[in-house]
Structure formats: C-alpha cells, structure tokens
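Source file query-v7.txt; content: compact mmCIF, C-alpha atoms.
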```txt
# COMPACT_ATOMS: atom_id res chain seq x y z
CA MET A 473 -4.09 13.63 14.17
CA LEU A 474 -5.42 11.17 11.54
CA LEU A 475 -6.90 12.86 8.47
CA SER A 476 -8.09 9.96 6.32
CA LEU A 477 -7.72 6.23 5.85
CA ASP A 478 -6.12 6.22 2.40
CA PHE A 479 -4.86 2.64 2.01
CA VAL A 480 -5.52 -0.83 3.34
CA TYR A 481 -2.25 -2.65 2.73
CA VAL A 482 -3.08 -6.36 2.46
CA PRO A 483 -0.54 -9.19 2.43
CA THR A 484 -1.16 -12.05 0.01
CA ALA A 485 0.99 -14.88 -1.34
CA ASP A 486 -0.46 -14.57 -4.87
CA VAL A 487 -1.22 -10.99 -5.86
CA ASP A 488 -2.38 -11.93 -9.37
CA ALA A 489 -4.96 -14.44 -8.13
CA ALA A 490 -6.11 -12.21 -5.27
CA ALA A 491 -6.53 -9.20 -7.58
CA GLU A 492 -8.57 -11.29 -10.01
CA ARG A 493 -10.85 -12.42 -7.17
CA TYR A 494 -11.34 -8.85 -5.94
CA VAL A 495 -12.42 -7.88 -9.45
CA THR A 496 -14.70 -10.85 -10.16
CA VAL A 497 -16.17 -11.41 -6.69
CA PHE A 498 -16.32 -7.89 -5.22
CA GLY A 499 -16.56 -5.83 -8.40
CA ALA A 500 -13.35 -3.97 -7.57
CA ARG A 501 -11.59 -1.85 -10.16
CA LEU A 502 -7.93 -2.76 -10.76
CA GLU A 503 -6.08 0.55 -11.12
CA TRP A 504 -2.52 -0.73 -11.45
CA LYS A 505 -0.29 -3.75 -10.82
CA VAL A 506 3.46 -3.26 -10.59
CA ARG A 507 6.23 -5.85 -10.45
CA GLY A 508 9.67 -4.97 -9.20
CA MET A 509 12.37 -5.80 -6.69
CA GLY A 510 11.09 -9.37 -6.38
CA THR A 511 7.48 -8.56 -5.50
CA VAL A 512 4.13 -7.50 -6.89
CA VAL A 513 1.78 -4.78 -5.62
CA ALA A 514 -1.71 -4.19 -7.03
CA CYS A 515 -4.01 -1.25 -6.31
CA LEU A 516 -7.75 -1.85 -6.33
CA ARG A 517 -10.74 0.35 -5.58
CA THR A 518 -13.95 -1.12 -4.24
CA SER A 519 -15.65 2.29 -4.18
CA ASP A 520 -14.99 5.82 -5.34
CA ASP A 521 -14.74 7.28 -1.86
CA GLY A 522 -13.12 4.57 0.27
CA PRO A 523 -9.47 3.71 0.76
CA ALA A 524 -7.48 1.94 -1.92
CA VAL A 525 -6.75 -1.73 -1.31
CA LEU A 526 -3.07 -2.48 -1.93
CA LEU A 527 -2.44 -6.20 -2.36
CA SER A 528 1.20 -6.94 -1.60
CA GLY A 529 3.37 -9.97 -2.18
CA HIS A 530 6.14 -8.74 0.13
CA LEU A 531 4.21 -7.71 3.21
CA ALA A 532 4.87 -10.09 6.11
CA GLY A 533 2.12 -11.44 8.33
CA GLU A 534 -1.54 -12.14 7.77
CA ASN A 535 -3.17 -8.93 8.94
CA PRO A 536 -3.54 -5.77 6.83
CA ILE A 537 -1.98 -2.43 7.69
CA LEU A 538 -4.35 0.55 7.89
CA VAL A 539 -2.48 3.51 6.38
CA TYR A 540 -3.70 6.95 7.47
CA ARG A 541 -2.68 10.35 6.13
CA VAL A 542 -1.54 13.02 8.57
CA ALA A 543 -0.96 16.74 8.04
CA ASP A 544 2.40 16.93 9.83
CA TYR A 545 4.43 13.73 9.75
CA GLY A 546 7.13 14.88 12.19
CA ALA A 547 4.61 16.05 14.77
CA ALA A 548 2.56 12.86 14.38
CA VAL A 549 5.58 10.60 14.90
CA ALA A 550 6.64 12.66 17.92
CA ARG A 551 3.13 12.31 19.33
CA LEU A 552 3.19 8.52 18.87
CA ARG A 553 6.54 8.24 20.63
CA ALA A 554 5.49 10.58 23.44
CA ALA A 555 2.41 8.40 23.96
CA GLY A 556 4.67 5.36 24.40
CA VAL A 557 3.81 3.64 21.14
CA ALA A 558 6.53 1.01 20.75
CA ASP A 559 8.24 -0.19 17.60
CA VAL A 560 7.58 2.85 15.42
CA THR A 561 9.38 2.00 12.19
CA GLU A 562 10.03 4.84 9.77
CA LEU A 563 10.24 4.27 6.03
CA GLU A 564 9.51 5.98 2.75
CA ILE A 565 6.58 5.21 0.43
CA PRO A 566 6.02 6.78 -2.99
CA HIS A 567 3.69 9.37 -1.43
CA GLY A 568 6.09 10.51 1.29
CA PRO A 569 7.49 9.69 4.73
CA CYS A 570 5.72 6.88 6.56
CA ALA A 571 5.86 5.23 9.98
CA SER A 572 4.37 1.85 10.84
CA PHE A 573 3.47 0.65 14.31
CA ARG A 574 1.02 -1.44 16.31
CA ALA A 575 -1.98 0.24 17.88
CA PRO A 576 -2.68 -0.45 21.57
CA GLY A 577 -5.05 -3.29 20.58
CA GLY A 578 -2.39 -4.89 18.38
CA GLN A 579 -3.75 -3.67 15.04
CA ARG A 580 -1.20 -2.88 12.36
CA MET A 581 -1.27 0.81 11.43
CA ALA A 582 0.83 3.37 9.59
CA ILE A 583 0.79 7.11 9.10
CA TYR A 584 2.19 9.10 6.20
CA GLU A 585 2.33 12.67 4.97
CA LEU A 586 1.41 13.31 1.35
CA VAL A 587 4.45 15.27 0.17
CA ARG A 588 4.35 14.03 -3.43
CA PRO A 589 0.79 14.60 -4.64
CA GLY A 590 0.16 13.13 -8.04
CA VAL A 591 2.58 10.24 -7.55
CA GLU A 592 -0.31 7.85 -8.24
CA ASP A 593 -0.42 9.17 -11.80
CA HIS A 594 2.94 7.46 -12.34
CA PHE A 595 1.37 4.05 -11.65
CA MET A 596 -2.19 4.59 -12.92
CA GLY A 597 -3.05 2.21 -15.74
CA ARG A 598 0.21 0.26 -15.45
CA PHE A 599 -0.32 -3.51 -15.52
CA ASP A 600 2.95 -5.43 -15.44
CA GLU A 601 2.51 -9.00 -16.67
CA PRO A 602 4.13 -11.98 -14.97
CA PRO A 603 7.54 -12.90 -16.37
CA GLY A 604 7.11 -15.32 -19.25
CA ALA A 605 3.53 -14.22 -20.00
CA PRO A 606 2.73 -13.55 -23.67
CA GLY A 607 3.74 -9.99 -24.51
CA ALA A 608 5.48 -9.42 -21.19
CA SER A 609 8.76 -7.62 -20.99
CA ASP A 610 11.05 -8.55 -18.13
CA ALA A 611 9.00 -6.41 -15.70
CA SER A 612 10.40 -8.27 -12.70
CA ASP A 613 13.45 -6.02 -12.80
CA GLN A 614 11.55 -2.74 -13.08
CA THR A 615 12.06 -0.38 -10.18
CA SER A 616 10.04 2.61 -11.30
```

I need this file expressed as structure tokens, please.
Amino acid sequence: MLLSLDFVYVPTADVDAAAERYVTVFGARLEWKVRGMGTVVACLRTSDDGPAVLLSGHLAGENPILVYRVADYGAAVARLRAAGVADVTELEIPHGPCASFRAPGGQRMAIYELVRPGVEDHFMGRFDEPPGAPGASDASDQTS
C-alpha cells in the first residue's frame, strides 16, 4: 500500500531557528520557507534520495508525522478503515488528498496521493522573510 516516505512533517515552535540549525549542524539544504495563514513551513533536504523534512510552526504535538505516498488514495483510506484504524482524518495538502492517523504503535502517520505533480515548483526557491525584516514584504498574509 505505501509507495514511498516522501515527507517527515516536524513540529517546531521556531521554524526559522530550527531551519538554520538543520543547515548549519546537519548540512541540510533549505529549499523553501513559506509564511502564511499565521504559520511558517520550511522544506529541507538532508540527502538527495531521502524524504523532505518539513518544519512546521502550526503542527500540534512533539512527534513528527511520517507522510507516505500511495497509488490509490480512496482504496488506501478504505483499507485503513477496514483494518480498524481509528481517527483517520482526511485533509488536503498541496500535492493532493491526504489522511492522517495513528499507527497501531501510536506513531503519527499520513498517506497522500500525488494528484498535482510539479506543485513543489510553486514553492521552490521561495524564502519568505519574517515580518519586519529588512526587505520583507508583508509575507505573513500570503496564502499562495
């Protein structure tokens, strides 16, 4: 059912500071950082072939969410529900439909189907500055 681990969605109180540490300590590559709707999300790569690390200022809790791609979202969600997986929450991410849930061991997981390939191109190279930073526009209100 699971094709690939594409994202590790990591909650953090200070995305800017955490992203800087990933770059300086781990040698990660910051691909984009977007501000909007009262939060910040940054995408980092620690390798060319592993999942992207998404640092998020709005994600509740302390544990990351492992986000896996599936070939058929509807069938995958039906399979989760048939298996008795509780609290399957459906939502939409830029890439397509997504469902989050807890694995039997309590781990936070999500599945999504890539229905909008190339959506990452929209964000690639975008680095929204904090409000009030030199040269920053009022990026806090951006929604795209």

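For the set A:Gly529, A:Gln579, A:Ala490, A:Met473, the residue with the smallest atom-to-atom gap to Ala548 in chain A is A:Met473, counting all atoms listed in the file.
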
The residue from A:Ala532, A:Val506, A:Ala571, A:Leu538 with the smallest atom-to-atom distance to Leu552 in chain A, counting only C-alpha atoms, is A:Ala571

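With only C-alpha atoms taken into account, the protein and nucleic acid residues at most 7 Å from Val480 in chain A (excluding it and anything under 2 positions from it in its own chain) are Val482, Pro523, Ala524, Val525, Leu526, Pro536, Ile537, Leu538 and Val539 of chain A.
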
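Taking CA of His530 in chain A and CA of Leu474 in chain A as endpoints, the distance between them is 25.7 Å.
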
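Here CA of Pro569 in chain A is placed at a distance of 28.8 Å from CA of Glu601 in chain A.
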
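Between CA of Gly568 in chain A and CA of Glu585 in chain A the interatomic distance comes to 5.7 Å.
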
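For Asn535 in chain A, the non-local neighbours within 12 Å, defined as residues at least 5 positions apart in the same chain or in other chains and counting only C-alpha atoms, are Val480, Tyr481, Val482, Pro483, Thr484, Leu527, Ser528, Arg574, Gly578, Gln579, Arg580 and Met581 of chain A.
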
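Comparing the minimum interatomic distances between His567 in chain A and each of A:Gly499, A:Gly597, A:Gly508, A:Pro589, counting all atoms listed in the file, we find that A:Pro589 sits nearest.
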
(Q) What's around Ala500 in chain A at 6 Å? Count all atoms listed in the file, leave out sequence neighbours fewer than 4 positions away in its own chain, and write the answer as a PyMOL selection string. (A) chain A and resi 494-495+517-518

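For the point (-4.8, -3.1, -9.4), the residues with at least one atom inside 8 Å, counting only C-alpha atoms, are Ala491, Arg501, Leu502, Glu503, Trp504, Lys505, Val513, Ala514, Cys515, Leu516, Arg517, Leu526 and Phe599 of chain A.
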
Generate a file of the selected residues that holds C-alpha atoms, formatted as a short mmCIF file (atom, residue, chain, number, x, y, z; two decimals), keeping the file's coordinate frame.
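After the write, part.cif holds the following:
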```
data_model
loop_
_atom_site.label_atom_id
_atom_site.label_comp_id
_atom_site.auth_asym_id
_atom_site.auth_seq_id
_atom_site.Cartn_x
_atom_site.Cartn_y
_atom_site.Cartn_z
CA ALA A 491 -6.53 -9.20 -7.58
CA ARG A 501 -11.59 -1.85 -10.16
CA LEU A 502 -7.93 -2.76 -10.76
CA GLU A 503 -6.08 0.55 -11.12
CA TRP A 504 -2.52 -0.73 -11.45
CA LYS A 505 -0.29 -3.75 -10.82
CA VAL A 513 1.78 -4.78 -5.62
CA ALA A 514 -1.71 -4.19 -7.03
CA CYS A 515 -4.01 -1.25 -6.31
CA LEU A 516 -7.75 -1.85 -6.33
CA ARG A 517 -10.74 0.35 -5.58
CA LEU A 526 -3.07 -2.48 -1.93
CA PHE A 599 -0.32 -3.51 -15.52
#
```

Between A:Met509, A:Val497, A:Ile565, A:Ala550, smallest distance to Phe479 in chain A by all atoms listed in the file belongs to A:Ile565
